[in-house]
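Participant: Take a look at this one; I'll ask things after.
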Amino acid sequence: MKQYKIFVTGKQGIFDPAGETARHALDNLGYTGIESLQIGKYIQLTTDDSVSAEAVKQMCEKLLANPVIEDFSIDETATSATSEIAEKTNAGADE
Amino acid sequence: MKQYKIFVTGKQGIFDPAGETARHALDNLGYTGIESLQIGKYIQLTTDDSVSAEAVKQMCEKLLANPVIEDFSIDETATSATSEIAEKTNAGADE
Amino acid sequence: MSEDTKIPTPVADSIETLDPELAAQVAIQLGLTAEEYQGVIDVQGRVPSLTELYIYSLMWSEHCSYKHSKKQLRNFSSEGEHVLQGPGENAGVISVGDGWAVAFKMESHNHPSAIEPYEGAATGVGGIIRDIFTMGARPIACMDSLRFGTLDKPRQRYLFEGAVAGIGGYGNCLGVPTVGGEVYFEEAYEGNCLINAFAIGLMREENITRAVGSGPGNLVVLIGSSTGRDGIGGASVLASQEFDEAAENKRPAVQVGDPFEEKLLIEVCLELLKRGLFVALGDLGAAGLTSSASEMASRGGVGIDIDVRKVPQRESAMQPFEIMVSESQERMLAVVKPEDFAAVEQVCKRWSVACTAIGTITDTGRFVVRDSSLTAGNDIVADMPAEMLATSAPEYDPPMLRPAYLDELQSEDLSWLSRENKSAAVLSDELLSLLASANICSREWIWRQYDHQVQSNTVLLPGADAAVVRISDTGRGGSTNRGLAMSTDCNGRYCYLDPYVGAQIALAESARNLACVGAAPSAITDCLNFGNPEKPEVFYTFHKAILGLSDACKYYGIPVISGNVSFYNESFGNAIYPTPAVGMVGVVDDISQVVTGAFKQQGDTIILVGQTEDELGGSEYLKVMYDKVTGSPPALDLELEGDVQKVVREAVRDGILQSAHDCSEGGIAVTLAECCIVGGIGAQIDLDDELPAVTSLFSESQSRIVVSVNDEQVNELINRLQQAQVPYSVIGETGGDNLSIEGKIELSLVKITEVYRESLEQLVKQR
Amino acid sequence: MSRVDEVRFGVVTFPGSNCEQDAVHALRHLGYRADYVWHQDTNLNDYDALVLPGGFSYGDYLRCGAVARFSPVMSEVVRYAEAGRPVIGICNGFQVLTEAHLLPGALIRNKGLKFLCQTVHLRVEQSVCKWLDLPTGIVLDIPISHNEGNYICDDDTLARLQENGQIVVRYCEPDGSRLPQGSAPNGALDDIAGICNPRGNVFGLMPHPERVTDAVSGSNAGSVFFTAIATYAREVAGR
Ligand SMILES: Nc1ncnc2c1ncn2[C@@H]1O[C@H](COP(=O)(O)OP(=O)(O)O)[C@@H](O)[C@H]1O
Ligand SMILES: [Mg+2]
């Protein structure tokens, strides 16, 4: 079993009205000091061992992300059935 | 400057129509071997140094996630103005 | 440029102009021709600055200047006693009685949608809605006119699904109902889909607002969203070039719509207009601030002085030209008296909408752009004569050539079609194939995704021949029991086979759709979608279509009050079908009198108003059964068409009819099937017309409407038909669980309903 | 209608609400007083009942109703509701009520991921809801118009809803029956279209009764919701 985490984010220069709105809302709730907020997608994909990272990349290109306005990155996190999906400490996007 | 990555995911057992549909669509595209697919939110938050991780947690509890149906986790990735947002492995995705 | 055109004197003493050689190169890259660039130098009296060059290239692009179409468009007449505003403003306006007026317009967003269908279509809706409330009207309805390739291609399904979702996503959020539209699927649109959006708004006559800048010293105020690099060069790059692989790489940052911001803008602008706090209001559309500011100045014969650094920016390090040409959505430009600015700010604040004074109106006649981050004295980056910039783009008389295919196809002998002797079983199967065709089957899959009822004025749900909305300022102001009927139509196949007749049929069909709900045409808007106008064959079809449409409009006295031209709808060298879409609006005097096409009860008499001829050229039958697009389209007799409409319209108004539904694609067989399906009642028909069966059933002769009447009214209707000297035939009776056409068709209601209702969704979902 | 009824409704308007005018129109058409209440207003004393209308408050960005929930008016709405006074949330208003935890559960995207605008059949259930005074089992035809109407909650909550009679209306077939695979076009759990709080004064539903109250729609099936609450409000006020 393989575990992929996919991060889909708006391309540079693409306007993100949802992020803007959330940012304003936080302002109004009294949270100061926020410089930017963007909302993207976080996709958790579990596959059997036959699915390669390359195949996952293709899935993103074809379906999971919209290449015209979105970028994505993929993080293969775990390869055994035991590792749990959402660790609090997960290293996130930086691989 | 601080950089937080927030992952908002559907609670266990909560139906995820977008994930379901994407999964079917991948099936139809001929990708086999997928065991599960969940779509959540990936929020990138940039703040000044005054914003604590605790404050970010509060923002999630109050606004960014709905505790009735969602879990979240937070990842503080960078804490200085110099450390760049987009690491090479992740090119383009973060800007 | 004529000798006596006076160019106001420049404001700038020094401005950083480009190196002459470089400027000429950049001009070409930006899409200006060498002669056009020379024109820029003539108007400026010098080599332009970089910002100026960008501005000219956009203002003189096809999209903004209509340089290839302007002369042709003069054929249209906007004369009419109830016309309050013709073409030239953001939207046309007509009076609809009792002091109410409506503004409406249709516009294309084809090229952006071909790149990103959801956002492209969504921002198309956003743009047309801004044109409406700019005029002071509250948007009350939308329609969409769509063209795609065939749904067996995954990319076409993607475009179609995305565009429909985008139209819904935007309009639904605004709370403007999308009440109708049209859609066709054909190979000709495969490389270049068409997304035309129509919007209409309601206002009191006295509230008409125009985008005419005036009053030197007044403030120029930008309201709404921040400015980013979205769609930079969008208008000129996309809409003025053919779409091919190179264009995909030229992809400018796609514009993303923010319907929430637009909703706030509607409320803010209408409130400010009502309180008289705007001197002028315009929206930022193609070419952004550049076009909106220069047009406002030019219309008012004033100058305008803008500081780009005051413009709220969402991206860092934006160049002055980027700020000037950005096509970021949901922005409005207003002229405000200095003493009113605080009040304007207050209203904007209440709605959390940004509002910034970015410049002033001047009496210099110059359009001056400053960058206050530069040193004082050297801060002017563009200084142009506003009027010349907005109005002196070149006007072309492109060469025309009658395409060779026209004679070839028009003269094609189709008599073999009707010689075949087909059994009722075969004909019934053929009817099922037509009912399943993507061009005929129910569009419910589309309109279910559109909020078509919000504002509580929708009289007829989508699916009727024409949409009808009540004239009412729901929950805010007055309400009436009168309505607005609207329809959008164009059969591109007919226009391909005969652009003159095809365009006339588009108008006739719209008017016929209105007649079916008891409305007469008040005015139209149009959206003329064509290929590359620099190709003589394409331009010929454009010319002919305009002539056809304008001749027919003049014949019926229907003014053309607004419109839009979209050229360069080509991919890999192939133009789309000429597609002059018509958006028509008429008034319903009593909404309680409207009828639908649905058969209402057993035992009503069914009458065909009009007459079927042998006209299978360009028909859906020919396409579906034989995969052919050939022959001459049906003929259109303007007088007969007018008479048919009149008699039906009046019969609807006088409450004589139970149902009325026009014959269009698929012929009378499809029309009858639709009346049965929507009404849930069968019909027993005998088409005793001495035509071969195939012709009788599937011919697409114009000027035909199928009506049903109850026993008490049959004689009255027949009297009226005879008096009007309109051909008609009594063809049967409603009732039963089948559609049976004597000797030709025998199908159960259940079967035709299933095929008709489920086909589109199945086509979308196929893999 | 000629006589203006003394019952007065407040229709709360958030930035992005877009059915507030429909609600006001419907209420006035039914003969009641109805006024807009701006999301920053905090004085609700004048109203006998509150309507949180449909629309896309704050664009429905992030989550439907998530931002509106923090509007100044909402803390007063909570107080108003806790005092036992009637509150109805229609469509987006229902979503706001769940986000504000005045009603349990949540509304997520329709199962087909498509916006749905169509008329549905609603079966009136045996409930404690004061907004509806109809015999159980009656079927009403009311339009829906939403992208996120798929009701969801955990098993305990569902059990509680059933036990307390908090399920007010369910999606059903024309004859009132429900299909084994569900009759909710949006995929809602247990075909739930509308629920109320245990006290019955706070009611949220996805369908739009305000759209079917006058002749233009050809139906007045939605009127019953408003007439019932007007009767109740008069009782409470002792009029
Ligand atoms: N793209 C669309 N969006 C909304 N409604 C549509 C669309 N296409 C068609 N419709 C509706 O479906 C019905 C049938 O459309 P159409 O076949 O074009 O009618 P007609 O041939 O009478 O002009 C009409 O009510 C029309 O408004
Ligand atoms: Mg029609």
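Numbering starts fresh at 1 for the residues of each chain in the structure tokens, the chains themselves are lettered A, B, ... in the order given, and ligands are numbered from 1 as they appear.
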Given identical sequences, what C-alpha RMSD separates chain B from chain A after least-squares superposition over all Cα in order?

Facilitator: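 C-alpha RMSD, chain B fitted to chain A: 3.9 Å.
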
Participant: Counting only C-alpha atoms and all ligand atoms, name the residues that have an atom within 8 Å of an atom of ligand 1; the answer should be given as a VMD selection string.

Facilitator: chain C and resid 143 to 146 164 178 to 183 439 to 444 446 to 447 450 461 to 467 487 to 489 509 to 510 513 661 to 665

Participant: Return as a PyMOL selection string the residues belonging to chain B that are within 9 Å of chain A, counting only C-alpha atoms.

Facilitator: chain B and resi 1+5-9+19+22+25-26+29+31-51+55+59+63-64+72-75+77+86-95

Participant: Taking only C-alpha atoms into account, find every residue of chain A that has an atom no more than 8 Å from chain C, and write it out as a count of residues only.

Facilitator: 7

Participant: Excluding same-chain residues fewer than 6 positions from Glu412 in chain C, what lies within 9 Å of it counting only C-alpha atoms, as an MDAnalysis selection string?

Facilitator: chainID C and resid 617 630:632

Participant: Check the DSSP output for the backbone and give back, as a PyMOL selection string, the residues of range 571-714 of chain C in strand (DSSP E).

Facilitator: chain C and resi 571+574-575+579-588+605-609+659-662+683-685+705-709

Participant: Please return, as a PyMOL selection string, all residues of chain C lying within 6 Å of chain D when only C-alpha atoms are considered.

Facilitator: chain C and resi 173+175+260+448-449+451+455-456+459+474-475

Participant: Just the selected residues (N, CA and C atoms), exported as a PDB file, in the first residue's frame, please.

Facilitator:
ATOM      1  N   CYS C 173     -24.540  32.688  -7.802  1.00  0.00           N
ATOM      2  CA  CYS C 173     -24.016  33.397  -6.640  1.00  0.00           C
ATOM      3  C   CYS C 173     -24.539  34.831  -6.606  1.00  0.00           C
ATOM      4  N   GLY C 175     -27.343  35.792  -7.647  1.00  0.00           N
ATOM      5  CA  GLY C 175     -28.784  35.856  -7.492  1.00  0.00           C
ATOM      6  C   GLY C 175     -29.458  36.440  -8.719  1.00  0.00           C
ATOM      7  N   PHE C 260     -18.871  36.980  -5.692  1.00  0.00           N
ATOM      8  CA  PHE C 260     -19.240  37.625  -4.436  1.00  0.00           C
ATOM      9  C   PHE C 260     -18.942  39.121  -4.506  1.00  0.00           C
ATOM     10  N   ARG C 448     -30.863  22.839 -14.962  1.00  0.00           N
ATOM     11  CA  ARG C 448     -30.953  22.400 -13.571  1.00  0.00           C
ATOM     12  C   ARG C 448     -29.758  22.925 -12.771  1.00  0.00           C
ATOM     13  N   GLN C 449     -28.676  23.218 -13.475  1.00  0.00           N
ATOM     14  CA  GLN C 449     -27.501  23.752 -12.792  1.00  0.00           C
ATOM     15  C   GLN C 449     -27.546  25.270 -12.655  1.00  0.00           C
ATOM     16  N   ASP C 451     -29.636  28.537 -11.255  1.00  0.00           N
ATOM     17  CA  ASP C 451     -30.763  29.012 -10.470  1.00  0.00           C
ATOM     18  C   ASP C 451     -31.627  29.827 -11.424  1.00  0.00           C
ATOM     19  N   GLN C 455     -35.140  35.675  -7.380  1.00  0.00           N
ATOM     20  CA  GLN C 455     -35.819  36.954  -7.632  1.00  0.00           C
ATOM     21  C   GLN C 455     -37.329  36.767  -7.786  1.00  0.00           C
ATOM     22  N   SER C 456     -37.757  35.498  -7.783  1.00  0.00           N
ATOM     23  CA  SER C 456     -39.195  35.193  -7.750  1.00  0.00           C
ATOM     24  C   SER C 456     -40.009  35.846  -8.859  1.00  0.00           C
ATOM     25  N   VAL C 459     -41.705  33.412 -14.755  1.00  0.00           N
ATOM     26  CA  VAL C 459     -43.061  32.990 -15.080  1.00  0.00           C
ATOM     27  C   VAL C 459     -43.043  31.624 -15.758  1.00  0.00           C
ATOM     28  N   THR C 474     -38.579  42.972  -7.203  1.00  0.00           N
ATOM     29  CA  THR C 474     -38.954  42.115  -6.085  1.00  0.00           C
ATOM     30  C   THR C 474     -38.384  42.544  -4.734  1.00  0.00           C
ATOM     31  N   GLY C 475     -39.276  42.741  -3.788  1.00  0.00           N
ATOM     32  CA  GLY C 475     -38.838  42.976  -2.416  1.00  0.00           C
ATOM     33  C   GLY C 475     -38.231  44.349  -2.190  1.00  0.00           C
TER      34      GLY C 475
END

Participant: At what distance in Å, to one decimal, does CA of Val609 in chain C lie from CA of Ser748 in chain C?

Facilitator: 25.2 Å

Participant: Name the residues in contact with range 563-572 of chain C at a cut-off of 10 Å, using only C-alpha atoms, excluding same-chain residues fewer than 6 positions from it; report them as a ChimeraX atom specification.

Facilitator: /C:62-64,66,68-70,73,86-88,90-92,104-111,188-194,196,198,238-245,524-535,538-539,542,578-583

Participant: With only C-alpha atoms as the counted atoms, please give the residues lying no more than 12 Å from range 126-134 of chain D, apart from itself and same-chain residues fewer than 2 positions off, as an NGL selection string.

Facilitator: :D and (49-51 or 84-89 or 123-124 or 136-140 or 161-170 or 194-205 or 209 or 221-233 or 235-236)

Participant: Here is a test: counting only C-alpha atoms, which residue of D:Met206, D:Arg79, D:Thr13, D:Ala68 is nearest to chain A?

Facilitator: D:Ala68

Participant: Determine which residues of range 15-70 of chain B receive a DSSP assignment of helix (DSSP H, G or I), computed from the backbone, and state them as a PDB file with N, CA, C and O atoms, in the first residue's frame.

Facilitator:
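Output contents, as saved in selection.pdb:
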ATOM      1  N   PRO B  17     -18.048  13.830  -1.220  1.00  0.00           N
ATOM      2  CA  PRO B  17     -18.531  13.701  -2.595  1.00  0.00           C
ATOM      3  C   PRO B  17     -17.461  14.018  -3.637  1.00  0.00           C
ATOM      4  O   PRO B  17     -17.374  13.329  -4.661  1.00  0.00           O
ATOM      5  N   ALA B  18     -16.648  15.030  -3.377  1.00  0.00           N
ATOM      6  CA  ALA B  18     -15.638  15.399  -4.367  1.00  0.00           C
ATOM      7  C   ALA B  18     -14.615  14.273  -4.513  1.00  0.00           C
ATOM      8  O   ALA B  18     -14.215  13.919  -5.624  1.00  0.00           O
ATOM      9  N   GLY B  19     -14.207  13.699  -3.379  1.00  0.00           N
ATOM     10  CA  GLY B  19     -13.253  12.603  -3.409  1.00  0.00           C
ATOM     11  C   GLY B  19     -13.819  11.394  -4.129  1.00  0.00           C
ATOM     12  O   GLY B  19     -13.166  10.792  -4.982  1.00  0.00           O
ATOM     13  N   GLU B  20     -15.062  11.082  -3.811  1.00  0.00           N
ATOM     14  CA  GLU B  20     -15.729   9.947  -4.460  1.00  0.00           C
ATOM     15  C   GLU B  20     -15.758  10.122  -5.974  1.00  0.00           C
ATOM     16  O   GLU B  20     -15.468   9.199  -6.732  1.00  0.00           O
ATOM     17  N   THR B  21     -16.155  11.318  -6.377  1.00  0.00           N
ATOM     18  CA  THR B  21     -16.295  11.564  -7.801  1.00  0.00           C
ATOM     19  C   THR B  21     -14.950  11.499  -8.511  1.00  0.00           C
ATOM     20  O   THR B  21     -14.836  10.916  -9.590  1.00  0.00           O
ATOM     21  N   ALA B  22     -13.938  12.069  -7.886  1.00  0.00           N
ATOM     22  CA  ALA B  22     -12.605  12.036  -8.493  1.00  0.00           C
ATOM     23  C   ALA B  22     -12.133  10.586  -8.624  1.00  0.00           C
ATOM     24  O   ALA B  22     -11.533  10.183  -9.615  1.00  0.00           O
ATOM     25  N   ARG B  23     -12.434   9.816  -7.625  1.00  0.00           N
ATOM     26  CA  ARG B  23     -12.034   8.422  -7.637  1.00  0.00           C
ATOM     27  C   ARG B  23     -12.675   7.678  -8.789  1.00  0.00           C
ATOM     28  O   ARG B  23     -12.028   6.940  -9.529  1.00  0.00           O
ATOM     29  N   HIS B  24     -13.970   7.887  -8.968  1.00  0.00           N
ATOM     30  CA  HIS B  24     -14.676   7.273 -10.094  1.00  0.00           C
ATOM     31  C   HIS B  24     -14.089   7.721 -11.417  1.00  0.00           C
ATOM     32  O   HIS B  24     -13.898   6.926 -12.328  1.00  0.00           O
ATOM     33  N   ALA B  25     -13.809   9.012 -11.487  1.00  0.00           N
ATOM     34  CA  ALA B  25     -13.286   9.560 -12.737  1.00  0.00           C
ATOM     35  C   ALA B  25     -11.932   8.924 -13.046  1.00  0.00           C
ATOM     36  O   ALA B  25     -11.652   8.591 -14.198  1.00  0.00           O
ATOM     37  N   LEU B  26     -11.121   8.717 -12.024  1.00  0.00           N
ATOM     38  CA  LEU B  26      -9.823   8.084 -12.250  1.00  0.00           C
ATOM     39  C   LEU B  26     -10.013   6.647 -12.705  1.00  0.00           C
ATOM     40  O   LEU B  26      -9.333   6.166 -13.610  1.00  0.00           O
ATOM     41  N   ASP B  27     -10.948   5.974 -12.095  1.00  0.00           N
ATOM     42  CA  ASP B  27     -11.300   4.619 -12.530  1.00  0.00           C
ATOM     43  C   ASP B  27     -11.597   4.622 -14.016  1.00  0.00           C
ATOM     44  O   ASP B  27     -11.076   3.828 -14.784  1.00  0.00           O
ATOM     45  N   ASN B  28     -12.472   5.578 -14.395  1.00  0.00           N
ATOM     46  CA  ASN B  28     -12.884   5.650 -15.790  1.00  0.00           C
ATOM     47  C   ASN B  28     -11.735   5.965 -16.725  1.00  0.00           C
ATOM     48  O   ASN B  28     -11.754   5.605 -17.890  1.00  0.00           O
ATOM     49  N   ALA B  53       1.794  29.841  16.943  1.00  0.00           N
ATOM     50  CA  ALA B  53       1.175  28.601  16.474  1.00  0.00           C
ATOM     51  C   ALA B  53      -0.161  28.396  17.187  1.00  0.00           C
ATOM     52  O   ALA B  53      -1.121  27.888  16.603  1.00  0.00           O
ATOM     53  N   GLU B  54      -0.201  28.827  18.413  1.00  0.00           N
ATOM     54  CA  GLU B  54      -1.433  28.691  19.189  1.00  0.00           C
ATOM     55  C   GLU B  54      -2.563  29.520  18.556  1.00  0.00           C
ATOM     56  O   GLU B  54      -3.708  29.063  18.442  1.00  0.00           O
ATOM     57  N   ALA B  55      -2.202  30.729  18.112  1.00  0.00           N
ATOM     58  CA  ALA B  55      -3.202  31.576  17.460  1.00  0.00           C
ATOM     59  C   ALA B  55      -3.706  30.917  16.181  1.00  0.00           C
ATOM     60  O   ALA B  55      -4.902  30.940  15.875  1.00  0.00           O
ATOM     61  N   VAL B  56      -2.788  30.312  15.459  1.00  0.00           N
ATOM     62  CA  VAL B  56      -3.193  29.651  14.206  1.00  0.00           C
ATOM     63  C   VAL B  56      -4.137  28.494  14.515  1.00  0.00           C
ATOM     64  O   VAL B  56      -5.133  28.273  13.815  1.00  0.00           O
ATOM     65  N   LYS B  57      -3.846  27.789  15.564  1.00  0.00           N
ATOM     66  CA  LYS B  57      -4.724  26.692  15.960  1.00  0.00           C
ATOM     67  C   LYS B  57      -6.132  27.220  16.239  1.00  0.00           C
ATOM     68  O   LYS B  57      -7.139  26.639  15.805  1.00  0.00           O
ATOM     69  N   GLN B  58      -6.178  28.340  16.925  1.00  0.00           N
ATOM     70  CA  GLN B  58      -7.482  28.960  17.214  1.00  0.00           C
ATOM     71  C   GLN B  58      -8.216  29.346  15.935  1.00  0.00           C
ATOM     72  O   GLN B  58      -9.431  29.160  15.813  1.00  0.00           O
ATOM     73  N   MET B  59      -7.457  29.901  14.993  1.00  0.00           N
ATOM     74  CA  MET B  59      -8.092  30.291  13.726  1.00  0.00           C
ATOM     75  C   MET B  59      -8.731  29.076  13.057  1.00  0.00           C
ATOM     76  O   MET B  59      -9.819  29.154  12.485  1.00  0.00           O
ATOM     77  N   CYS B  60      -8.025  27.969  13.151  1.00  0.00           N
ATOM     78  CA  CYS B  60      -8.562  26.747  12.547  1.00  0.00           C
ATOM     79  C   CYS B  60      -9.830  26.311  13.269  1.00  0.00           C
ATOM     80  O   CYS B  60     -10.835  25.959  12.643  1.00  0.00           O
ATOM     81  N   GLU B  61      -9.761  26.323  14.580  1.00  0.00           N
ATOM     82  CA  GLU B  61     -10.914  25.852  15.355  1.00  0.00           C
ATOM     83  C   GLU B  61     -12.133  26.709  15.115  1.00  0.00           C
ATOM     84  O   GLU B  61     -13.258  26.235  15.016  1.00  0.00           O
ATOM     85  N   LYS B  62     -11.864  28.010  15.039  1.00  0.00           N
ATOM     86  CA  LYS B  62     -12.981  28.932  14.910  1.00  0.00           C
ATOM     87  C   LYS B  62     -13.525  28.993  13.501  1.00  0.00           C
ATOM     88  O   LYS B  62     -14.732  28.989  13.287  1.00  0.00           O
ATOM     89  N   LEU B  63     -12.619  29.126  12.540  1.00  0.00           N
ATOM     90  CA  LEU B  63     -13.082  29.466  11.200  1.00  0.00           C
ATOM     91  C   LEU B  63     -12.641  28.499  10.104  1.00  0.00           C
ATOM     92  O   LEU B  63     -13.453  28.073   9.280  1.00  0.00           O
ATOM     93  N   LEU B  64     -11.361  28.187  10.102  1.00  0.00           N
ATOM     94  CA  LEU B  64     -10.840  27.527   8.901  1.00  0.00           C
ATOM     95  C   LEU B  64     -11.306  26.086   8.756  1.00  0.00           C
ATOM     96  O   LEU B  64     -11.391  25.558   7.656  1.00  0.00           O
TER      97      LEU B  64
END

Participant: Point out the residue among C:Val706, C:Ala103, C:Val726, C:Ala141 with the least atom-to-atom distance to ligand 2, counting only C-alpha atoms and all ligand atoms.

Facilitator: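 Comparing C:Val706, C:Ala103, C:Val726, C:Ala141 against ligand 2, the winner is C:Val706.
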
Participant: Please tabulate, as a tab-separated table, the residues of chain D that come within 7 Å of chain B, each with its closest pair of atoms and the distance in Å to one decimal, counting only C-alpha atoms and ordering rows by chain, then residue number upward.

Facilitator:
residue	atom	partner	partner_atom	distance
D:Ala66	CA	B:Leu63	CA	6.6
D:Gly105	CA	B:Val68	CA	6.6
D:Arg109	CA	B:Pro17	CA	6.5
D:Lys111	CA	B:Pro17	CA	5.2
D:Leu113	CA	B:Ala18	CA	6.7

Participant: With a distance cut-off of 12 Å and only C-alpha atoms, select the neighbouring residues of Thr480 in chain C, excluding the residue or stretch itself and same-chain residues fewer than 2 positions from it, and output the selection as a list in words.

Facilitator: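 In the requested form, the answer reads Val96, Gly97, Asp98, Gly99, Trp100, Asn457, Val469, Arg470, Ile471, Ser472, Asp473, Thr474, Gly477, Gly478, Arg482, Gly483, Leu484, Val588, Asp589, Asp590, Ile591 and Ser592 of chain C; Val216 of chain D.
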